[in-house]
Amino acid sequence: MSRSAHPAGPRHGDVLPEGHYSAPPSDLNALDPKVWSRTVTRAPDGVVTVGGMDVTRLAEEFGTPAYFLDEEDFRARCRAWRDAFGADADVFYAGKAFLSRAVVRWLHEEGLNLDVCSGGELTTALDAGMPAERIAFHGNNKTPEEIERAVAAGVGHIVLDSFQEIVRVAHIADRLGTRQRVQIRVTVGVEAHTHEFIATAHEDQKFGIALAGGEAAEAVRRALKLDGLELVGIHSHIGSQIFDTAGFEVAARRVVSLLAEIRDEHGVELPEIDLGGGLGIAYTSADDPREPHEIAQGLHDIVTRECAAAGLAVPRISVEPGRAIVGPTAFTLYEVGTIKPLEGLRTYVSVDGGMSDNIRTALYDAEYSVALVSRSSDAEPMLARVVGKHCESGDIVVRDAFLPADLAVGDLIAVPATGAYCRSMASNYNHALRPPVVAVREGAGRVIVRRETEEDLLRLDVG
Ligand code: LLP
């Protein structure tokens with residue numbers, strides 16, 4: 001690794017340009033446990049370690065860019081969710097955040113269920129041995145072929161997302177001579193405080209059936225009439241990366257009042273409610289996420305209270321955290337390739353990945369943290385923008401962050417909290433090769449999703 005001195009952009013004490021950042025942290029070598037996974041520490045020699053492995057060895061063995069997933073942390077988070085909700089509730093991990101066969105096995109071993117939203121996720125789940133009855137199948141436009149596979153496999157429930165799907169699933173179940181357990185996804189009309197693209201409970205959007213105007217009640221009426229369906233519950237998912245639990249409470253209240261309406265109209269008490277996922281995590285030290293036990297207690301209290309008021313038995317509650325389980329468990333490791341200081345502005349630090357391994361900054365204006373991890377440094381903080389190697393200027397990984405001013409080509413930097421929606425939304429833009437996911441535990445790394453190769457690209461290109 002070559003280390004060359006270079007002129008830096010703005011330093012501590014300079015007047016800084018406009019941006020999303022606060023003051024530079026007092027210690028650039030510190031690793032905030034809110035944003036780094038449980039086993040990450042900086043060793044006395046300055047090198048950061050995860051699961052007992054130092055990042056320079058990980059980079060040598062597995063290359064960069066790569067996602068390193070702290071398996072112990074992942075398992076601990078599964079247990080925290082499962083224990084917080086207890087035996088009367090179910091936790092479904094949302095596979096869209098990140099799914100692989102190893103992850104499915106860990107979920108199974110830790111007693112979680114799994115929410116899938118495509119044929120591909122369903123295949124991965126079944127292939128890795130998740131019992132079908134512990135799988136829920138989601139999606140606003142499942143194909144008849146996907147529905148048929150899910151019904152034939154015997155998934156625990158299918159979440160019906162539209163009037164067309166009520167009929168579609170019923171017909172397929174009839175044809176297969178079975179009765180499919182289903183929930184109906186409703187939009188409760190809550191404005192969740194999150195990015196527009198990941199808010200899902202207001203009515204003007206593609207998901208679910210609106211409570212407003214009696215649409216959801218009509219969907220229930222139709223579903224109850226069909227022999228192929230066993231309607232077991234109501235589902236609500238209000239959005240993603242949400243910190244304020246008020247939205248979940250309003251959703252819980254509205255879902256329980258629908259249960260009461262159903263009881264009054266049909267004499268049926270549906271036994272389940274699913275309140276979806278969406279709990280926010282800390283991407284930077286400014287974020288303050290809730291712990292699973294606080295969320296569980298809050299939801300349990302509100303459902304119990306509302307059911308008592310309506311004279312209903314308390315239904316079985318389920319939740320579907322994706323990001324809150326896997327998000328904090330991984331970081332992306334990059335090597336610094338070029339450094340471009342802009343006097344009075346900022347220093348552009350180009351890494352060997354970019355928007356192909358983390359599209360979230362470009363897509364949602366997401367904020368991330370970053371740290372120099374292959375050594376410590378006592379240099380002044382320098383305002384940096386971490387960018388990728390793709391052919392567009394929106395290719396930003398971390399918009400505004402402080403890195404030490406002696407940062408050099410060949411240094412390794414890591415972006416924490418990239419376990420959710422980074423590998424799962426990775427692309428081949430510019431024919432980039434999607435990075436591997438390496439599970440690290442007890443001093444060893446194990447590839448769970450291998451790095452793509454140029455042969456993989458050529459194999460798909462059959463022209
Ligand atoms: N359940 C349902 C029905 C969902 O649609 C989702 C996420 C979840 C659970 C899990 O939500 P989580 O706990 O992970 O927030 N790509 C975006 C997030 C899209 C979320 C889509 N649905 C991002 O990178 O922020």
# chains A, B, ... in the order shown; residues from 1 in each chain; ligands from 1
>>> residues_near_ligand(ligand="ligand 1", cutoff="6 Å", atoms="only C-alpha atoms and all ligand atoms", output="number ranges by chain")
A: 94, 97, 198, 237, 240-241, 276-279, 320-324, 360, 421
>>> residues_around(residues="Leu275 (chain A)", least_positions_apart="4", cutoff="7 Å", atoms="only C-alpha atoms", output="list of chain:residue names")
A:His235, A:Ser236, A:His237, A:Ala252, A:Ser318, A:Val319
>>> residues_around(residues="region 88-91 of chain A", least_positions_apart="4", cutoff="12 Å", atoms="only C-alpha atoms", output="PyMOL selection string")
chain A and resi 77-84+107-108+110-115+134-136+156+271-277+292+296-297+299-300+314-322+324-325
>>> select_by_dssp(residues="region 299-437 of chain A", states="helix (DSSP H, G or I)", output="MDAnalysis selection string")
chainID A and resid 299:310 323:329 360:364 423:425 429:431
>>> atom_distance(atom1="CA of Ile234 (chain A)", atom2="CA of Arg185 (chain A)")
6.0 Å
>>> atom_distance(atom1="CA of Thr143 (chain A)", atom2="CA of Val462 (chain A)")
25.8 Å
>>> residues_around(residues="region 172-174 of chain A", least_positions_apart="3", cutoff="7 Å", atoms="only C-alpha atoms", output="list in words")
Glu148, Val151, Arg168, Val169, Gly177, Thr178, Arg179, Gln180 and Gly228 of chain A
>>> closest_residue(among="A:Asn29, A:Ala384, A:Tyr368, A:Ile147", to="Pro44 (chain A)", atoms="only C-alpha atoms")
A:Asn29
>>> closest_residue(among="A:Glu452, A:Asp27, A:Asp378, A:Asp264", to="Pro435 (chain A)", atoms="only C-alpha atoms")
A:Glu452
>>> closest_residue(among="A:Met130, A:Val336, A:Ala432, A:Val220", to="Asp411 (chain A)", atoms="only C-alpha atoms")
A:Val336
>>> atom_distance(atom1="CA of Glu133 (chain A)", atom2="CA of Glu109 (chain A)")
15.2 Å
>>> residues_around(residues="Leu69 (chain A)", least_positions_apart="5", cutoff="6 Å", atoms="only C-alpha atoms", output="short mmCIF file (atom, residue, chain, number, x, y, z; two decimals) with N, CA and C atoms, in the first residue's frame")
data_model
loop_
_atom_site.label_atom_id
_atom_site.label_comp_id
_atom_site.auth_asym_id
_atom_site.auth_seq_id
_atom_site.Cartn_x
_atom_site.Cartn_y
_atom_site.Cartn_z
N THR A 329 -25.57 -5.33 10.93
CA THR A 329 -24.63 -6.44 11.12
C THR A 329 -23.49 -6.46 10.10
N ALA A 330 -23.54 -5.60 9.08
CA ALA A 330 -22.49 -5.69 8.05
C ALA A 330 -21.90 -4.32 7.74
N VAL A 438 -19.34 -11.95 3.06
CA VAL A 438 -18.50 -12.84 3.85
C VAL A 438 -18.99 -12.81 5.29
N ALA A 439 -19.38 -13.97 5.80
CA ALA A 439 -19.79 -14.04 7.21
C ALA A 439 -18.54 -14.22 8.05
N VAL A 440 -18.41 -13.41 9.08
CA VAL A 440 -17.22 -13.50 9.93
C VAL A 440 -17.67 -13.91 11.33
#
>>> residues_around(residues="Ala366 (chain A)", least_positions_apart="3", cutoff="12 Å", atoms="only C-alpha atoms", output="PyMOL selection string")
chain A and resi 20+194-195+197-198+241+281-284+358-363+369+396-400+417-418+421-422
>>> select_by_dssp(residues="region 134-348 of chain A", states="strand (DSSP E or B)", output="PyMOL selection string")
chain A and resi 135-137+157-160+180-187+199+209-210+229-235+239+242+272-274+279+316-319+330-341+347-348
>>> residues_around(residues="Arg441 (chain A)", least_positions_apart="5", cutoff="9 Å", atoms="only C-alpha atoms", output="list of chain:residue names")
A:Thr39, A:Val50, A:Gly51, A:Gly52, A:Met53, A:Leu69, A:Asp70, A:Glu71, A:Glu72, A:Arg446
>>> closest_residue(among="A:Ala59, A:Ala426, A:Ile413, A:Val387", to="Ala371 (chain A)", atoms="only C-alpha atoms")
A:Ile413
>>> closest_residue(among="A:Pro416, A:Gly388, A:Gly139, A:Gly463", to="Glu367 (chain A)", atoms="only C-alpha atoms")
A:Pro416
